[in-house]
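Colleague: Got input_24.pdb for you, PDB, C-alpha atoms:
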```pdb
MODEL        1
ATOM      1  CA  MET L   1      -8.140  28.631   9.644
ATOM      2  CA  ALA L   2      -7.253  27.631   6.079
ATOM      3  CA  ARG L   3      -3.927  29.424   6.508
ATOM      4  CA  VAL L   4      -3.090  27.281   9.553
ATOM      5  CA  VAL L   5      -4.138  24.097   7.739
ATOM      6  CA  ARG L   6      -1.991  25.090   4.737
ATOM      7  CA  GLY L   7       0.980  25.632   7.046
ATOM      8  CA  LEU L   8       0.456  22.295   8.791
ATOM      9  CA  SER L   9       0.071  20.534   5.450
ATOM     10  CA  LEU L  10       3.390  21.989   4.313
ATOM     11  CA  LEU L  11       5.066  21.151   7.609
ATOM     12  CA  PHE L  12       3.990  17.515   7.769
ATOM     13  CA  SER L  13       4.448  16.770   4.065
ATOM     14  CA  GLY L  14       7.876  18.425   4.113
ATOM     15  CA  VAL L  15       9.082  16.567   7.193
ATOM     16  CA  PHE L  16       7.747  13.309   5.761
ATOM     17  CA  ALA L  17       9.402  13.846   2.375
ATOM     18  CA  GLY L  18      12.674  14.778   4.047
ATOM     19  CA  PHE L  19      12.512  11.677   6.221
ATOM     20  CA  LEU L  20      11.989   9.498   3.144
ATOM     21  CA  VAL L  21      14.951  11.124   1.385
ATOM     22  CA  CYS L  22      17.167  10.335   4.400
ATOM     23  CA  VAL L  23      16.053   6.702   4.364
ATOM     24  CA  LEU L  24      16.664   6.575   0.601
ATOM     25  CA  VAL L  25      20.245   7.798   1.073
ATOM     26  CA  LEU L  26      20.836   5.282   3.875
ATOM     27  CA  GLU L  27      19.383   2.418   1.881
ATOM     28  CA  ASN L  28      21.457   3.356  -1.168
ATOM     29  CA  SER L  29      24.569   3.360   1.034
ATOM     30  CA  LEU L  30      23.728  -0.149   2.222
ATOM     31  CA  ARG L  31      23.884  -1.547  -1.305
ATOM     32  CA  GLY L  32      27.651  -1.925  -0.958
ATOM     33  CA  PHE L  33      27.388  -4.174   2.100
ATOM     34  CA  GLY L  34      26.554  -7.830   2.600
ATOM     35  CA  ALA L  35      23.512  -9.587   3.979
ATOM     36  CA  SER L  36      24.422  -9.413   7.670
ATOM     37  CA  VAL L  37      25.135  -5.679   7.673
ATOM     38  CA  TYR L  38      22.008  -4.952   5.623
ATOM     39  CA  THR L  39      19.873  -7.059   7.969
ATOM     40  CA  GLN L  40      21.307  -5.456  11.095
ATOM     41  CA  VAL L  41      20.680  -1.920   9.801
ATOM     42  CA  ARG L  42      17.159  -2.837   8.672
ATOM     43  CA  LEU L  43      16.366  -4.201  12.132
ATOM     44  CA  VAL L  44      17.530  -0.906  13.630
ATOM     45  CA  GLU L  45      15.422   1.037  11.099
ATOM     46  CA  LEU L  46      12.369  -1.069  11.893
ATOM     47  CA  ASP L  47      12.658  -0.274  15.595
ATOM     48  CA  SER L  48      11.154   3.228  15.309
ATOM     49  CA  LEU L  49      11.077   4.560  11.761
ATOM     50  CA  ASP L  50       7.620   3.151  11.001
ATOM     51  CA  ARG L  51       6.256   5.245  13.875
ATOM     52  CA  LEU L  52       7.938   8.370  12.521
ATOM     53  CA  ALA L  53       6.422   7.688   9.114
ATOM     54  CA  SER L  54       2.955   7.296  10.649
ATOM     55  CA  VAL L  55       3.101  10.476  12.720
ATOM     56  CA  THR L  56       4.128  12.526   9.686
ATOM     57  CA  LEU L  57       2.269  10.889   6.767
ATOM     58  CA  THR L  58      -1.127  10.635   8.470
ATOM     59  CA  PRO L  59      -1.329  14.345   9.386
ATOM     60  CA  ALA L  60       0.095  15.277   5.962
ATOM     61  CA  ILE L  61      -2.797  13.473   4.289
ATOM     62  CA  VAL L  62      -5.449  14.759   6.723
ATOM     63  CA  THR L  63      -4.345  18.401   6.505
ATOM     64  CA  SER L  64      -3.980  18.225   2.726
ATOM     65  CA  VAL L  65      -7.493  16.815   2.367
ATOM     66  CA  ALA L  66      -8.808  19.583   4.649
ATOM     67  CA  LEU L  67      -6.936  22.141   2.571
ATOM     68  CA  ALA L  68      -8.468  20.713  -0.617
ATOM     69  CA  ILE L  69     -11.926  21.121   0.928
ATOM     70  CA  TRP L  70     -11.272  24.797   1.717
ATOM     71  CA  ALA L  71      -9.413  25.617  -1.500
ATOM     72  CA  ARG L  72     -11.184  26.987  -4.547
ATOM     73  CA  GLY L  73     -10.639  26.910  -8.293
ATOM     74  CA  ASN L  74      -7.197  26.061  -9.608
ATOM     75  CA  ASP L  75      -5.764  25.994  -6.079
ATOM     76  CA  ARG L  76      -8.107  23.110  -5.237
ATOM     77  CA  ARG L  77      -6.960  21.162  -8.297
ATOM     78  CA  VAL L  78      -3.313  21.659  -7.362
ATOM     79  CA  VAL L  79      -3.919  20.538  -3.770
ATOM     80  CA  LEU L  80      -5.885  17.511  -5.010
ATOM     81  CA  VAL L  81      -2.849  16.487  -7.086
ATOM     82  CA  ALA L  82      -0.792  16.595  -3.884
ATOM     83  CA  VAL L  83      -3.436  14.522  -2.080
ATOM     84  CA  ALA L  84      -3.380  11.955  -4.907
ATOM     85  CA  LEU L  85       0.412  11.746  -4.653
ATOM     86  CA  LEU L  86       0.188  11.212  -0.883
ATOM     87  CA  VAL L  87      -2.362   8.444  -1.512
ATOM     88  CA  VAL L  88       0.189   6.823  -3.873
ATOM     89  CA  VAL L  89       2.706   6.969  -1.012
ATOM     90  CA  PHE L  90       0.200   5.420   1.393
ATOM     91  CA  ALA L  91      -0.859   2.674  -1.060
ATOM     92  CA  THR L  92       2.738   1.782  -1.945
ATOM     93  CA  THR L  93       3.606   1.627   1.730
ATOM     94  CA  LEU L  94       0.650  -0.635   2.535
ATOM     95  CA  ALA L  95       1.001  -2.893  -0.490
ATOM     96  CA  ILE L  96       4.775  -3.350  -0.611
ATOM     97  CA  ASN L  97       6.888  -1.760   2.108
ATOM     98  CA  LEU L  98       4.950  -2.765   5.236
ATOM     99  CA  PRO L  99       4.617  -6.461   4.314
ATOM    100  CA  ILE L 100       8.358  -6.590   3.617
ATOM    101  CA  ASN L 101       9.043  -4.742   6.879
ATOM    102  CA  SER L 102       6.998  -7.342   8.711
ATOM    103  CA  ASP L 103       8.959 -10.197   7.124
ATOM    104  CA  GLN L 104      12.310  -8.487   7.718
ATOM    105  CA  SER L 105      11.580  -7.958  11.409
ATOM    106  CA  ALA L 106      11.958 -11.718  11.851
ATOM    107  CA  TRP L 107      15.256 -11.946   9.937
ATOM    108  CA  SER L 108      18.392 -13.065  11.743
ATOM    109  CA  VAL L 109      21.576 -11.000  11.406
ATOM    110  CA  HIS L 110      23.600 -14.225  11.518
ATOM    111  CA  ASN L 111      21.440 -16.094   9.025
ATOM    112  CA  PRO L 112      19.604 -13.772   6.591
ATOM    113  CA  PRO L 113      17.391 -15.474   4.004
ATOM    114  CA  ALA L 114      18.979 -16.562   0.730
ATOM    115  CA  ASP L 115      16.824 -14.129  -1.269
ATOM    116  CA  TRP L 116      17.666 -11.116   0.940
ATOM    117  CA  ALA L 117      19.033  -9.071  -1.990
ATOM    118  CA  ALA L 118      15.881  -9.576  -4.090
ATOM    119  CA  VAL L 119      13.723  -8.551  -1.119
ATOM    120  CA  ARG L 120      15.974  -5.526  -0.508
ATOM    121  CA  ASP L 121      15.692  -4.500  -4.169
ATOM    122  CA  ARG L 122      11.882  -4.783  -4.151
ATOM    123  CA  TRP L 123      11.656  -2.727  -0.931
ATOM    124  CA  GLN L 124      14.077  -0.090  -2.224
ATOM    125  CA  LEU L 125      12.247   0.278  -5.556
ATOM    126  CA  ALA L 126       8.935   0.775  -3.745
ATOM    127  CA  HIS L 127      10.669   3.228  -1.421
ATOM    128  CA  LEU L 128      12.021   5.174  -4.404
ATOM    129  CA  ILE L 129       8.496   5.385  -5.830
ATOM    130  CA  ARG L 130       7.002   6.647  -2.585
ATOM    131  CA  THR L 131       9.878   9.073  -1.984
ATOM    132  CA  THR L 132       9.410  10.548  -5.449
ATOM    133  CA  ALA L 133       5.652  10.838  -4.894
ATOM    134  CA  ALA L 134       6.175  12.471  -1.477
ATOM    135  CA  LEU L 135       8.655  15.001  -2.889
ATOM    136  CA  LEU L 136       6.274  15.832  -5.725
ATOM    137  CA  ALA L 137       3.407  16.231  -3.235
ATOM    138  CA  PHE L 138       5.490  18.579  -1.090
ATOM    139  CA  GLY L 139       6.556  20.530  -4.176
ATOM    140  CA  THR L 140       2.957  20.779  -5.336
ATOM    141  CA  LEU L 141       1.784  22.002  -1.935
ATOM    142  CA  THR L 142       4.637  24.517  -1.871
ATOM    143  CA  ALA L 143       3.685  25.796  -5.324
ATOM    144  CA  SER L 144       0.081  26.061  -4.191
ATOM    145  CA  ALA L 145       1.112  28.097  -1.139
ATOM    146  CA  LEU L 146       3.307  30.407  -3.226
ATOM    147  CA  THR L 147       0.628  31.085  -5.830
ATOM    148  CA  HIS L 148      -2.367  31.148  -3.476
ATOM    149  CA  ARG L 149      -4.127  34.450  -3.095
ATOM    150  CA  ALA L 150      -6.166  34.930   0.000
ATOM    151  CA  PRO L 151      -9.644  36.272  -0.669
ATOM    152  CA  THR L 152      -9.765  39.997  -0.139
ATOM    153  CA  LYS L 153     -12.671  41.747   1.512
ATOM    154  CA  HIS L 154     -14.180  44.618  -0.385
ATOM    155  CA  ARG L 155     -13.081  47.801   1.283
ATOM    156  CA  THR L 156     -14.173  51.301   0.599
ATOM    157  CA  PRO L 157     -11.188  53.430  -0.399
ATOM    158  CA  PRO L 158     -10.416  56.197   2.143
ATOM    159  CA  THR L 159     -11.130  58.913  -0.446
ATOM    160  CA  ALA L 160     -14.646  57.609  -1.033
ATOM    161  CA  VAL L 161     -15.406  57.849   2.697
ATOM    162  CA  LEU L 162     -14.370  61.509   2.762
ATOM    163  CA  ALA L 163     -16.455  62.468  -0.250
TER
ENDMDL
END
```
The structure in this file should be written as structure tokens.
Modeller:
Amino acid sequence: MARVVRGLSLLFSGVFAGFLVCVLVLENSLRGFGASVYTQVRLVELDSLDRLASVTLTPAIVTSVALAIWARGNDRRVVLVAVALLVVVFATTLAINLPINSDQSAWSVHNPPADWAAVRDRWQLAHLIRTTAALLAFGTLTASALTHRAPTKHRTPPTAVLA
């Protein structure tokens, strides 16, 4: 069971981190455009991307916590680091990104607010922080999976049975 949970933890944290990297690239590309283009793209992003984030981040956290419960020794410490990083992602999202998303959903493409660039910069900085944390969490979980040794059952060597 722990093997399945480890696989699911890697899957969800990897998909989530990859999703955040894609958004980071898109948002960086938008820096060269004006308020109307930025607002229009953000409204498109806000249509469904929050749902994608929820259906990947939530299971990433849940499976990583479950993995931390089953892990032992140094492996547990490594997985707990990943869990802490995912909590940073979650906290940053709740404290900064989601409130800005909520405000931006009411923006008008034809009349964006005067401070749109400052809001964009604050959102993008928070997004950079959570993307970095998500990538580090995925990397940590990957390292844990690569160095993890499954417990071995004590077996009697075949020569001892014959003797």
Colleague: Would you pick out the contacts of Gly34 (chain L) at 10 Å or less, using all atoms listed in the file, so that residues sharing its chain but fewer than 6 positions from it are not included, and give the list as a count of residues only?
Modeller: 3
Colleague: Quick one: which region 96-129 of chain L residues come within 12 Å of region 71-91 of chain L, and what is the nearest atom pair for each with the distance in Å to one decimal, counting only C-alpha atoms, rows ordered by chain and ascending number, as a tab-separated table?
Modeller:
```
residue	atom	partner	partner_atom	distance
L:Ile96	CA	L:Ala91	CA	8.3
L:Asn97	CA	L:Ala91	CA	9.5
L:Leu98	CA	L:Ala91	CA	10.1
L:Pro99	CA	L:Ala91	CA	11.9
L:Ala126	CA	L:Val89	CA	9.2
L:His127	CA	L:Val89	CA	8.8
L:Leu128	CA	L:Val89	CA	10.1
L:Ile129	CA	L:Val89	CA	7.7
```
Colleague: Identify which of the residues L:Leu10, L:Ala118, L:Val109, L:Ala137 lies closest to Val41 (chain L), counting only C-alpha atoms when measuring atom-to-atom distances.
Modeller: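 Checking each of L:Leu10, L:Ala118, L:Val109, L:Ala137 against Val41 (chain L), counting only C-alpha atoms, the winner is L:Val109.
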Colleague: For each of L:Ala53, L:Val62, L:Leu135, L:Leu125, take the minimum atom-to-atom distance to Glu27 (chain L), counting all atoms listed in the file, then give the residue where this is smallest.
Modeller: L:Leu125
Colleague: Determine the residue set returned by the PyMOL selection byres ((chain L and resi 12) around 10) for the present structure, and present it as a list in words.
Modeller: Gly7, Leu8, Ser9, Leu10, Leu11, Ser13, Gly14, Val15, Phe16, Ala17, Gly18, Val55, Thr56, Leu57, Thr58, Pro59, Ala60, Ile61, Val62, Thr63, Ser64 and Phe138 of chain L
